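> Got a structure for you, questions after.
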Amino acid sequence: VKVNQIEASKDQLRKKYKAANPGTKKMKATFVTLARNNELHDLIRAIRQVEDRFNSKFNYDWVFFNDVPFSDEFIKQTSAMTSGETKYGLIPTEHWSYPDFIDKDKAAKARKKMKDDNIIYGDSESYRHMCRFESGFFWQSELLADYDWYWRVEPGIQIYCDIDYDVFQFMEDNNKVYGFTISIHEFLATIPSLWEHTKKFIEENPQYLHPENFLNFISDDNGDSYNLCHFWSNFEIANLNFWRSEAYRKYFDYLDSTGGFFYERWGDAPIHSIAVSLFAPKDQIHYFDDVGYNHGVYHQCPINADFRQEHKCLCNPDQDFTFRGYSCGNKYYDVMGLAKPDNWEKFT
Ligand code: GDP
Ligand code: MN
């Protein structure tokens, strides 16, 4: 089947659905996935779940990125699995390579040391390009220029419960900029100097620190040190214009100029989280406690039994990570001043 035939038949379905449901797809929003061709099968399982649980009702578009061209097979299978329009982007070389000022020997030595220290992805070059792309470049892509909102999806993730409202509309109506599901502590060895650089940036640019910031979520000593809490960025529902803002652009450029993506192994998750926690007011950060979610070994499973029943959740609340030791969920509730769900202590 040709891709354009698939697109044509989906277009017909969308028109039919829209006629029956005149308020759908109201937002300038899209899914965003960075993936390799060989992750296709894990990816379409994830897409199918997102479609079944949410997007079959809304038909938002889906933008895919890769550092090498997507295979025909990848394009056909993913466009067949999605209800919205699909777009495929090849990442420009300058967004997935070493900048001139990087000392490649120094970077290689750092990778060797991290490998010897058994740090996860410590010896990987591609992982570093990936983290740098997710921090500084995806939101600059032409393919995203017409959108304000995105939902990041990775291969292999699971969505456990029905989502029966438009999450993008929700974000806009409630004046949110960043939404997360799981929060967790980072490995200090991957970001030894990130916080010192962040403090220096804020000292030089105090105007970007929002008066109603969420510093106390990421620091236990009022900014002296980073407590390693971050929103797990494999799931994000967020506003692209936050990354496009002057504050974030300057912050990214400053971080990039230090070489830390390559001399250390800075993740996009702590960088996104620190930026959102410092530059946005805390009430613009939204915790999607109602989105049942899995990535890797961690799960978010709503612990309220009635909720799980009403939303046909397929997960075990005993696996819910929110209140477990390594999570930052407990801290999120405390710093936000929110009441924790009933019986939360049973899930610690
Ligand atoms: P983890 O979640 O930190 O374990 O990292 P992943 O291996 O899942 O990578 C994060 C995201 O980037 C996933 O969506 C991957 O599919 C994607 N990704 C990672 N490395 C590469 C790469 O070298 N090329 C491409 N195209 N995508 C990548
Ligand atoms: Mn992943």
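Residue numbering restarts at 1 in every chain; chains get A, B, ... in the order shown in the structure tokens, and ligands count up from 1 in that same order.
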Using only C-alpha atoms and all ligand atoms, which residues of chain A come within 10 Å of ligand 1, and what is the closest atom pair for each, with the distance in Å to one decimal? Give it as CSV, sorted by chain and residue number.


residue,atom,partner,partner_atom_place_in_ligand_line,distance
A:Val32,CA,ligand 1,14 (O),9.3
A:Thr33,CA,ligand 1,14 (O),6.0
A:Leu34,CA,ligand 1,14 (O),4.6
A:Ala35,CA,ligand 1,16 (O),3.5
A:Arg36,CA,ligand 1,26 (N),3.9
A:Asn37,CA,ligand 1,26 (N),7.2
A:Asn38,CA,ligand 1,16 (O),9.0
A:Glu39,CA,ligand 1,16 (O),6.5
A:Leu40,CA,ligand 1,16 (O),9.1
A:Asp42,CA,ligand 1,16 (O),9.3
A:Leu43,CA,ligand 1,16 (O),8.2
A:Phe64,CA,ligand 1,26 (N),9.1
A:Phe65,CA,ligand 1,26 (N),6.5
A:Asn66,CA,ligand 1,26 (N),3.7
A:Asp67,CA,ligand 1,26 (N),4.8
A:Val68,CA,ligand 1,26 (N),6.6
A:Pro69,CA,ligand 1,26 (N),8.8
A:Phe70,CA,ligand 1,26 (N),8.7
A:Leu90,CA,ligand 1,26 (N),8.9
A:Ile91,CA,ligand 1,26 (N),8.6
A:Trp96,CA,ligand 1,23 (O),9.3
A:Ile120,CA,ligand 1,4 (O),8.7
A:Tyr121,CA,ligand 1,3 (O),8.2
A:Ser124,CA,ligand 1,23 (O),9.3
A:Glu125,CA,ligand 1,23 (O),8.4
A:Ser126,CA,ligand 1,23 (O),4.7
A:Tyr127,CA,ligand 1,20 (N),5.3
A:Arg128,CA,ligand 1,20 (N),8.4
A:His129,CA,ligand 1,23 (O),7.5
A:Met130,CA,ligand 1,20 (N),5.5
A:Cys131,CA,ligand 1,12 (O),7.7
A:Phe133,CA,ligand 1,12 (O),9.2
A:Glu134,CA,ligand 1,12 (O),8.1
A:Arg152,CA,ligand 1,14 (O),8.5
A:Val153,CA,ligand 1,14 (O),6.9
A:Glu154,CA,ligand 1,14 (O),4.1
A:Pro155,CA,ligand 1,14 (O),5.7
A:Gly156,CA,ligand 1,8 (O),8.5
A:Ile157,CA,ligand 1,8 (O),9.4
A:Trp232,CA,ligand 1,2 (O),8.8
A:Ser233,CA,ligand 1,2 (O),8.4
A:Asn234,CA,ligand 1,2 (O),6.1
A:Phe235,CA,ligand 1,2 (O),9.8
A:Gly267,CA,ligand 1,3 (O),8.0
A:Asp268,CA,ligand 1,3 (O),9.2
A:Ala269,CA,ligand 1,3 (O),8.9
A:His295,CA,ligand 1,2 (O),7.6
A:Gly296,CA,ligand 1,2 (O),7.6

> Neighbours of Ile182 of chain A within 8 Å (only C-alpha atoms; same-chain residues fewer than 5 positions away dropped), as an mmCIF file with N, CA and C atoms, in the first residue's frame?


data_model
loop_
_atom_site.group_PDB
_atom_site.id
_atom_site.type_symbol
_atom_site.label_atom_id
_atom_site.label_comp_id
_atom_site.auth_asym_id
_atom_site.auth_seq_id
_atom_site.Cartn_x
_atom_site.Cartn_y
_atom_site.Cartn_z
ATOM 1 N N PHE A 231 11.746 15.810 35.978
ATOM 2 C CA PHE A 231 10.607 15.187 35.301
ATOM 3 C C PHE A 231 11.184 14.261 34.241
ATOM 4 N N TRP A 232 10.661 13.057 34.192
ATOM 5 C CA TRP A 232 11.219 12.048 33.282
ATOM 6 C C TRP A 232 10.757 12.381 31.871
ATOM 7 N N PHE A 235 8.244 11.113 28.670
ATOM 8 C CA PHE A 235 6.869 11.604 28.547
ATOM 9 C C PHE A 235 6.910 13.100 28.793
ATOM 10 N N HIS A 299 6.597 2.618 36.409
ATOM 11 C CA HIS A 299 5.187 2.681 36.053
ATOM 12 C C HIS A 299 4.513 3.813 36.822
ATOM 13 N N GLN A 300 3.564 4.454 36.156
ATOM 14 C CA GLN A 300 2.616 5.269 36.908
ATOM 15 C C GLN A 300 1.265 4.585 36.751
ATOM 16 N N PHE A 321 5.018 4.078 40.914
ATOM 17 C CA PHE A 321 6.333 4.567 41.346
ATOM 18 C C PHE A 321 6.249 5.863 42.162
ATOM 19 N N THR A 322 5.108 6.550 42.063
ATOM 20 C CA THR A 322 5.014 7.931 42.563
ATOM 21 C C THR A 322 5.592 8.142 43.962
ATOM 22 N N SER A 327 11.687 8.002 43.547
ATOM 23 C CA SER A 327 10.822 8.957 42.852
ATOM 24 C C SER A 327 10.902 10.334 43.517
ATOM 25 N N GLY A 329 7.989 12.087 43.417
ATOM 26 C CA GLY A 329 6.558 12.347 43.510
ATOM 27 C C GLY A 329 6.158 12.918 44.862
#

> Pick out the residues sitting within 12 Å of Ser273 of chain A, and hand them over as a short mmCIF file (atom, residue, chain, number, x, y, z; two decimals) with N, CA and C atoms, in the first residue's frame; count only C-alpha atoms, and ignore anything fewer than 2 positions along from it in its own chain.


data_model
loop_
_atom_site.label_atom_id
_atom_site.label_comp_id
_atom_site.auth_asym_id
_atom_site.auth_seq_id
_atom_site.Cartn_x
_atom_site.Cartn_y
_atom_site.Cartn_z
N SER A 135 17.42 18.51 23.98
CA SER A 135 17.51 19.73 24.79
C SER A 135 17.39 20.98 23.93
N VAL A 177 2.39 25.18 31.06
CA VAL A 177 3.41 25.08 30.00
C VAL A 177 4.06 23.71 29.91
N TYR A 178 4.08 22.97 31.01
CA TYR A 178 4.83 21.71 31.01
C TYR A 178 4.08 20.66 31.82
N GLY A 179 3.87 19.49 31.22
CA GLY A 179 3.19 18.40 31.92
C GLY A 179 4.04 17.15 31.97
N PHE A 180 3.99 16.46 33.11
CA PHE A 180 4.81 15.25 33.28
C PHE A 180 3.99 14.15 33.94
N ILE A 182 6.02 10.83 35.40
CA ILE A 182 6.95 10.31 36.40
C ILE A 182 8.04 11.34 36.68
N SER A 183 8.42 11.46 37.94
CA SER A 183 9.61 12.26 38.29
C SER A 183 10.54 11.37 39.10
N ILE A 184 11.84 11.66 39.00
CA ILE A 184 12.83 10.72 39.50
C ILE A 184 14.15 11.44 39.75
N HIS A 185 15.06 10.81 40.49
CA HIS A 185 16.38 11.39 40.73
C HIS A 185 17.35 11.03 39.60
N GLU A 186 18.18 11.96 39.23
CA GLU A 186 19.21 11.74 38.20
C GLU A 186 20.47 11.14 38.85
N THR A 198 24.48 26.17 35.97
CA THR A 198 23.15 26.76 36.05
C THR A 198 23.15 27.97 36.99
N ASN A 213 8.86 30.65 41.03
CA ASN A 213 9.49 29.45 40.49
C ASN A 213 9.32 28.22 41.39
N PHE A 214 9.80 27.09 40.87
CA PHE A 214 9.66 25.81 41.57
C PHE A 214 11.03 25.31 42.05
N LEU A 215 11.90 26.28 42.42
CA LEU A 215 13.26 25.94 42.86
C LEU A 215 13.26 24.90 43.98
N PHE A 217 11.53 22.43 44.41
CA PHE A 217 11.37 21.04 43.96
C PHE A 217 12.71 20.45 43.55
N ILE A 218 13.60 21.28 43.01
CA ILE A 218 14.88 20.76 42.51
C ILE A 218 16.05 21.03 43.45
N SER A 219 15.79 21.74 44.53
CA SER A 219 16.86 22.00 45.49
C SER A 219 16.31 21.92 46.91
N TYR A 226 21.79 20.99 43.75
CA TYR A 226 20.68 20.35 43.00
C TYR A 226 20.39 19.01 43.69
N ASN A 227 19.12 18.77 43.96
CA ASN A 227 18.76 17.51 44.62
C ASN A 227 18.53 16.36 43.63
N LEU A 228 18.76 16.62 42.35
CA LEU A 228 18.70 15.61 41.28
C LEU A 228 17.28 15.26 40.83
N CYS A 229 16.27 15.89 41.42
CA CYS A 229 14.89 15.63 40.98
C CYS A 229 14.67 16.20 39.57
N HIS A 230 14.01 15.40 38.75
CA HIS A 230 13.66 15.88 37.41
C HIS A 230 12.43 15.16 36.91
N PHE A 231 11.75 15.81 35.98
CA PHE A 231 10.61 15.19 35.30
C PHE A 231 11.18 14.26 34.24
N TRP A 232 10.66 13.06 34.19
CA TRP A 232 11.22 12.05 33.28
C TRP A 232 10.76 12.38 31.87
N SER A 233 11.66 12.86 31.01
CA SER A 233 11.24 13.54 29.79
C SER A 233 10.85 12.59 28.65
N GLU A 236 6.41 13.87 27.84
CA GLU A 236 6.24 15.30 28.07
C GLU A 236 5.04 15.75 27.26
N ALA A 238 3.94 19.48 26.48
CA ALA A 238 4.47 20.80 26.82
C ALA A 238 4.28 21.79 25.69
N PHE A 242 7.80 27.57 25.13
CA PHE A 242 8.68 27.70 26.29
C PHE A 242 10.14 27.48 25.87
N TRP A 243 10.38 26.44 25.08
CA TRP A 243 11.76 26.19 24.63
C TRP A 243 12.22 27.28 23.66
N TYR A 248 15.11 30.27 27.67
CA TYR A 248 15.56 28.89 27.46
C TYR A 248 16.64 28.82 26.39
N GLY A 267 21.72 14.85 30.54
CA GLY A 267 20.45 14.41 29.98
C GLY A 267 19.54 15.59 29.68
N ASP A 268 18.66 15.38 28.70
CA ASP A 268 17.69 16.44 28.42
C ASP A 268 16.67 16.56 29.55
N ALA A 269 16.47 15.47 30.31
CA ALA A 269 15.45 15.52 31.37
C ALA A 269 15.84 16.50 32.48
N PRO A 270 17.05 16.39 33.06
CA PRO A 270 17.39 17.40 34.07
C PRO A 270 17.44 18.82 33.50
N ILE A 271 17.87 18.96 32.26
CA ILE A 271 17.95 20.31 31.68
C ILE A 271 16.55 20.91 31.48
N ALA A 275 15.13 24.06 33.79
CA ALA A 275 14.65 25.27 33.10
C ALA A 275 13.20 25.58 33.46
N VAL A 276 12.35 24.55 33.41
CA VAL A 276 10.94 24.77 33.72
C VAL A 276 10.79 25.21 35.18
N SER A 277 11.55 24.60 36.05
CA SER A 277 11.42 24.90 37.48
C SER A 277 11.94 26.29 37.83
N LEU A 278 12.86 26.82 37.02
CA LEU A 278 13.41 28.15 37.33
C LEU A 278 12.72 29.27 36.55
N PHE A 279 12.38 28.99 35.29
CA PHE A 279 11.90 30.09 34.43
C PHE A 279 10.37 30.21 34.38
N ALA A 280 9.68 29.17 34.80
CA ALA A 280 8.21 29.22 34.77
C ALA A 280 7.67 29.27 36.20
N LYS A 282 5.47 27.95 39.24
CA LYS A 282 5.22 26.53 39.54
C LYS A 282 3.81 26.09 39.18
N ILE A 285 3.25 24.20 35.88
CA ILE A 285 3.76 22.84 35.70
C ILE A 285 2.64 21.89 36.11
#

> DSSP on the backbone: what in segment 46-176 of chain A comes out helix (DSSP H, G or I), as number ranges by chain?

A: 46-53, 55-57, 72-81, 93-95, 104-116, 125-136, 138-140, 142-144, 167-173

> Can you pull out the residues contacting Met27 of chain A? Cut-off 9 Å, using only C-alpha atoms, and skip same-chain residues under 3 positions away; I want them as a compact mmCIF listing (two decimals) with C-alpha atoms, in the first residue's frame.


# COMPACT_ATOMS: atom_id res chain seq x y z
CA THR A 24 -12.00 17.71 17.63
CA THR A 30 1.32 17.17 17.62
CA TYR A 60 -3.56 14.97 16.31
CA TYR A 147 2.51 23.83 16.40
CA ASP A 148 2.37 25.25 19.90
CA TRP A 149 2.04 21.98 21.78
CA ASP A 166 -8.12 16.80 25.10
CA PHE A 168 -3.63 19.96 24.90
CA GLN A 169 -6.83 21.91 25.36
CA GLU A 172 -4.06 25.78 27.32

> Give me, please, the distance in Å between atom CA of Pro281 of chain A and atom CA of Met336 of chain A, quoted to one decimal.

11.3 Å
